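Only one structure is covered here, and it is reproduced in the block below.
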Amino acid sequence: MPAFISPLDGNYIALKRAALRIAREQPGIEPDEIMELFKHAIFTGEFERAECRVQGIERTDDRNLLLLRIEAPPTNRFPRLPLDAQPQEYFAVKGATVAEILSERDALPGRAEDWAAFAQFPRDAAVVKEALRTLAHIPYSAFPARGQAILGGVLLTKVKVRVWMGFKGYELPTFLCDLSQSADRSHPESAENAHAKPPRGRPRKPGWTRVEQLIREMHAANPAMPLGTLAFDACKQAAAEYPKRDLPSWETVLRNMKIILSESRPPTRPVP
């Protein structure tokens, strides 16, 4: 688990920044509305679902986890500093951990006494479950500024955000469609991704052509269908016709959606 992640690291993105970049490409959608989706996903455990795992990476790998910068365990060498001055590191978190941090920072919606049952130790499993369900459905706008900052500061890999958006059927923003090779350098499938459009003379997997055909047919029948849904449906149908070894992965197909669809358009004739 990395103790520090640079804000310039292209592999990771804070949810607040991801919301800003996604909203830029969605006319009429505000960043806080995207944060509402992220907040709901945190507390309902969507990011932890098997369907949202980055393929080829262990479930416990930090590239598959929510990361949050919180206080590091104290040591005997230094006295305990004020909360806002303590050394901080990134730790993997789940929805319950995020809720605990919000509670400890007095960053939950409403009054402290409203969350008295959740603040008691040891926490009852039923209380935690109900608290998470409640937080998932409380509007993001109802969280105090401190709470919104904590939620917005949660980090995910861009690849993880891309997988989650595909699972939800949302259209991918440009910055996730066009992830640079450096951003996926540590991804086990990077070699396959690099060969999505193989060099001249290098054979492609037999199922690639069929996947492309299905995508173009589905897009022609329903141009409004999100790219993630197109890729998923085409891969699912192709899987009924080809063995797995002959098909590209869903992520590889998703990465190449714009190329596949652009090649299906007829050339534009110059205006006389």
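Convention: chains lettered A, B, ... in structure tokens order; per-chain residue numbering from 1; ligands numbered from 1 as shown.
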
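Neighbouring residues of Asp61 in chain A at 10 Å or closer, counting only C-alpha atoms and skipping chain neighbours under 4 positions away, are Met1, Val54, Ile57, Leu65 and Ala92 of chain A.
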
Residues from the last selection, C-alpha atoms, saved as a PDB file, in the first residue's frame:
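What landed in result22.pdb:
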ATOM      1  CA  MET A   1       0.000   0.000   0.000  1.00  0.00           C
ATOM      2  CA  VAL A  54     -10.064  -4.682 -12.411  1.00  0.00           C
ATOM      3  CA  ILE A  57      -5.570  -7.926 -10.287  1.00  0.00           C
ATOM      4  CA  LEU A  65      -9.490  -0.447  -3.542  1.00  0.00           C
ATOM      5  CA  ALA A  92      -7.399   1.118   1.875  1.00  0.00           C
TER       6      ALA A  92
END

| Neighbour list for range 243-256 of chain A as number ranges by chain, cut-off 6 Å, only C-alpha atoms, skip fewer than 2 positions in-chain | A: 177, 193, 205-207, 231, 258-259

| task | Considering only C-alpha atoms, state which residue in the set A:Glu212, A:Glu171, A:Asp114, A:Glu36 is at the smallest distance from Gly228 in chain A. | result |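 Of the candidates, the smallest distance to Gly228 in chain A is held by A:Glu171.
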
| Taking only C-alpha atoms into account, which of A:Ala142, A:Leu37, A:Ala96, A:Ile260 comes nearest Leu227 in chain A? |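 Using only C-alpha atoms, Leu227 in chain A sits closest to A:Ile260.
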
| message | as an NGL selection string, please: every residue in range 12-243 of chain A that DSSP puts in strand (DSSP E or B). | response | :A and (12-14 or 66-71 or 88-93 or 155-157)

| request: Give the helix (DSSP H, G or I) residues of range 16-237 of chain A, as assigned by DSSP on the backbone, as a PyMOL selection string. | output: chain A and resi 16-24+31-44+46-48+50-52+62-64+83-85+95-104+112-119+125-137+140-142+145-152+158-168+174-177+181-184+190-194+208-221+227-237

| query | Mind pulling up the distance from CA of Trp164 in chain A to CA of Phe47 in chain A? | reply |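 About the pair CA of Phe47 in chain A and CA of Trp164 in chain A: they are 6.8 Å apart.
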
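The space separating CA of Gln26 in chain A from CA of Phe175 in chain A comes to 13.2 Å.
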
Could you build a table of the residues in range 8-89 of chain A lying no more than 12 Å from range 149-157 of chain A, giving for each the nearest pair of atoms and their separation in Å rounded to one decimal place, using only C-alpha atoms, ordered by chain and ascending residue number, as JSON lines?
{"residue": "A:Asp9", "atom": "CA", "partner": "A:Thr157", "partner_atom": "CA", "distance": 9.8}
{"residue": "A:Gly10", "atom": "CA", "partner": "A:Thr157", "partner_atom": "CA", "distance": 8.6}
{"residue": "A:Asn11", "atom": "CA", "partner": "A:Thr157", "partner_atom": "CA", "distance": 5.5}
{"residue": "A:Tyr12", "atom": "CA", "partner": "A:Thr157", "partner_atom": "CA", "distance": 4.1}
{"residue": "A:Ile13", "atom": "CA", "partner": "A:Leu155", "partner_atom": "CA", "distance": 5.6}
{"residue": "A:Ala14", "atom": "CA", "partner": "A:Leu155", "partner_atom": "CA", "distance": 4.4}
{"residue": "A:Leu15", "atom": "CA", "partner": "A:Gly152", "partner_atom": "CA", "distance": 5.0}
{"residue": "A:Lys16", "atom": "CA", "partner": "A:Gly152", "partner_atom": "CA", "distance": 4.2}
{"residue": "A:Arg17", "atom": "CA", "partner": "A:Gly152", "partner_atom": "CA", "distance": 7.7}
{"residue": "A:Ala18", "atom": "CA", "partner": "A:Gly152", "partner_atom": "CA", "distance": 9.0}
{"residue": "A:Ala19", "atom": "CA", "partner": "A:Gly152", "partner_atom": "CA", "distance": 8.7}
{"residue": "A:Leu20", "atom": "CA", "partner": "A:Gly152", "partner_atom": "CA", "distance": 10.5}
{"residue": "A:Pro31", "atom": "CA", "partner": "A:Gly152", "partner_atom": "CA", "distance": 10.6}
{"residue": "A:Asp32", "atom": "CA", "partner": "A:Gly152", "partner_atom": "CA", "distance": 9.8}
{"residue": "A:Ile34", "atom": "CA", "partner": "A:Gly152", "partner_atom": "CA", "distance": 10.6}
{"residue": "A:Met35", "atom": "CA", "partner": "A:Gly152", "partner_atom": "CA", "distance": 7.4}
{"residue": "A:Glu36", "atom": "CA", "partner": "A:Leu151", "partner_atom": "CA", "distance": 10.0}
{"residue": "A:Leu37", "atom": "CA", "partner": "A:Leu151", "partner_atom": "CA", "distance": 11.4}
{"residue": "A:Phe38", "atom": "CA", "partner": "A:Leu151", "partner_atom": "CA", "distance": 8.5}
{"residue": "A:Lys39", "atom": "CA", "partner": "A:Leu151", "partner_atom": "CA", "distance": 7.0}
{"residue": "A:His40", "atom": "CA", "partner": "A:Leu151", "partner_atom": "CA", "distance": 10.7}
{"residue": "A:Ala41", "atom": "CA", "partner": "A:Leu151", "partner_atom": "CA", "distance": 11.2}
{"residue": "A:Ile42", "atom": "CA", "partner": "A:Leu151", "partner_atom": "CA", "distance": 8.9}
{"residue": "A:Phe43", "atom": "CA", "partner": "A:Leu151", "partner_atom": "CA", "distance": 10.7}
{"residue": "A:Phe47", "atom": "CA", "partner": "A:Leu156", "partner_atom": "CA", "distance": 9.6}
{"residue": "A:Glu48", "atom": "CA", "partner": "A:Leu156", "partner_atom": "CA", "distance": 11.9}
{"residue": "A:Arg53", "atom": "CA", "partner": "A:Thr157", "partner_atom": "CA", "distance": 11.4}
{"residue": "A:Val54", "atom": "CA", "partner": "A:Thr157", "partner_atom": "CA", "distance": 9.7}
{"residue": "A:Asp61", "atom": "CA", "partner": "A:Thr157", "partner_atom": "CA", "distance": 11.1}
{"residue": "A:Asp62", "atom": "CA", "partner": "A:Thr157", "partner_atom": "CA", "distance": 8.6}
{"residue": "A:Arg63", "atom": "CA", "partner": "A:Thr157", "partner_atom": "CA", "distance": 5.8}
{"residue": "A:Asn64", "atom": "CA", "partner": "A:Thr157", "partner_atom": "CA", "distance": 7.6}
{"residue": "A:Leu65", "atom": "CA", "partner": "A:Leu156", "partner_atom": "CA", "distance": 6.8}
{"residue": "A:Leu66", "atom": "CA", "partner": "A:Leu156", "partner_atom": "CA", "distance": 5.6}
{"residue": "A:Leu67", "atom": "CA", "partner": "A:Leu155", "partner_atom": "CA", "distance": 4.9}
{"residue": "A:Leu68", "atom": "CA", "partner": "A:Val154", "partner_atom": "CA", "distance": 5.0}
{"residue": "A:Arg69", "atom": "CA", "partner": "A:Val154", "partner_atom": "CA", "distance": 7.7}
{"residue": "A:Ile70", "atom": "CA", "partner": "A:Ile150", "partner_atom": "CA", "distance": 9.7}

Go ahead and write the residues just picked, C-alpha atoms, as an mmCIF file, in the first residue's frame.
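Just written: selection_0.cif:
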data_model
loop_
_atom_site.group_PDB
_atom_site.id
_atom_site.type_symbol
_atom_site.label_atom_id
_atom_site.label_comp_id
_atom_site.auth_asym_id
_atom_site.auth_seq_id
_atom_site.Cartn_x
_atom_site.Cartn_y
_atom_site.Cartn_z
ATOM 1 C CA ASP A 9 0.506 10.395 -10.538
ATOM 2 C CA GLY A 10 -1.514 9.663 -13.671
ATOM 3 C CA ASN A 11 -2.655 6.271 -12.408
ATOM 4 C CA TYR A 12 -4.867 7.684 -9.629
ATOM 5 C CA ILE A 13 -7.577 10.303 -9.426
ATOM 6 C CA ALA A 14 -9.486 11.813 -6.501
ATOM 7 C CA LEU A 15 -13.242 11.425 -6.747
ATOM 8 C CA LYS A 16 -13.766 15.202 -6.621
ATOM 9 C CA ARG A 17 -11.457 15.694 -9.597
ATOM 10 C CA ALA A 18 -13.035 12.785 -11.458
ATOM 11 C CA ALA A 19 -16.461 14.355 -10.900
ATOM 12 C CA LEU A 20 -15.254 17.671 -12.338
ATOM 13 C CA PRO A 31 -19.908 17.908 -10.486
ATOM 14 C CA ASP A 32 -21.894 17.501 -7.262
ATOM 15 C CA ILE A 34 -21.458 13.002 -10.107
ATOM 16 C CA MET A 35 -20.237 13.070 -6.497
ATOM 17 C CA GLU A 36 -23.723 11.901 -5.512
ATOM 18 C CA LEU A 37 -23.148 8.795 -7.644
ATOM 19 C CA PHE A 38 -19.702 8.217 -6.147
ATOM 20 C CA LYS A 39 -21.006 8.694 -2.606
ATOM 21 C CA HIS A 40 -23.802 6.195 -3.198
ATOM 22 C CA ALA A 41 -21.307 3.694 -4.639
ATOM 23 C CA ILE A 42 -19.013 4.040 -1.599
ATOM 24 C CA PHE A 43 -21.696 3.326 0.976
ATOM 25 C CA PHE A 47 -16.722 -0.504 -5.790
ATOM 26 C CA GLU A 48 -16.169 -3.787 -3.929
ATOM 27 C CA ARG A 53 -12.904 -5.530 -10.056
ATOM 28 C CA VAL A 54 -10.064 -4.682 -12.411
ATOM 29 C CA ASP A 61 -4.498 -5.016 -4.501
ATOM 30 C CA ASP A 62 -4.573 -1.256 -3.891
ATOM 31 C CA ARG A 63 -5.508 -0.741 -7.565
ATOM 32 C CA ASN A 64 -8.842 -2.378 -6.750
ATOM 33 C CA LEU A 65 -9.490 -0.447 -3.542
ATOM 34 C CA LEU A 66 -10.681 2.902 -2.286
ATOM 35 C CA LEU A 67 -7.738 4.823 -0.815
ATOM 36 C CA LEU A 68 -8.014 7.626 1.731
ATOM 37 C CA ARG A 69 -5.295 9.718 3.355
ATOM 38 C CA ILE A 70 -5.733 9.504 7.110
#

| CA of Pro82 in chain A to CA of Ile5 in chain A: how many Å, to one decimal? | 22.9 Å

| task | Compare A:Arg111, A:Lys94, A:Arg49, A:Arg133 by their minimum atom-to-atom distance to Lys160 in chain A, counting only C-alpha atoms, and give me the closest one. | result | A:Arg49

| task | Select, from A:Leu135, A:Ala50, A:Ile215, A:Ile22, the residue with the minimum atom-to-atom distance to Gln237 in chain A, counting only C-alpha atoms. | result |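 Looking only at the distances to Gln237 in chain A, the closest residue turns out to be A:Ile215.
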
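Using only C-alpha atoms for every distance, the candidate list A:Ala221, A:Thr44, A:Glu51, A:Leu8 yields A:Thr44 as the residue closest to His137 in chain A.
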
| task | Rank nothing, just name the residue among A:Leu172, A:Ala116, A:Met225, A:Ala72 nearest to Glu89 in chain A, using only C-alpha atoms. | result |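 Closest to Glu89 in chain A of all the choices is A:Ala72.
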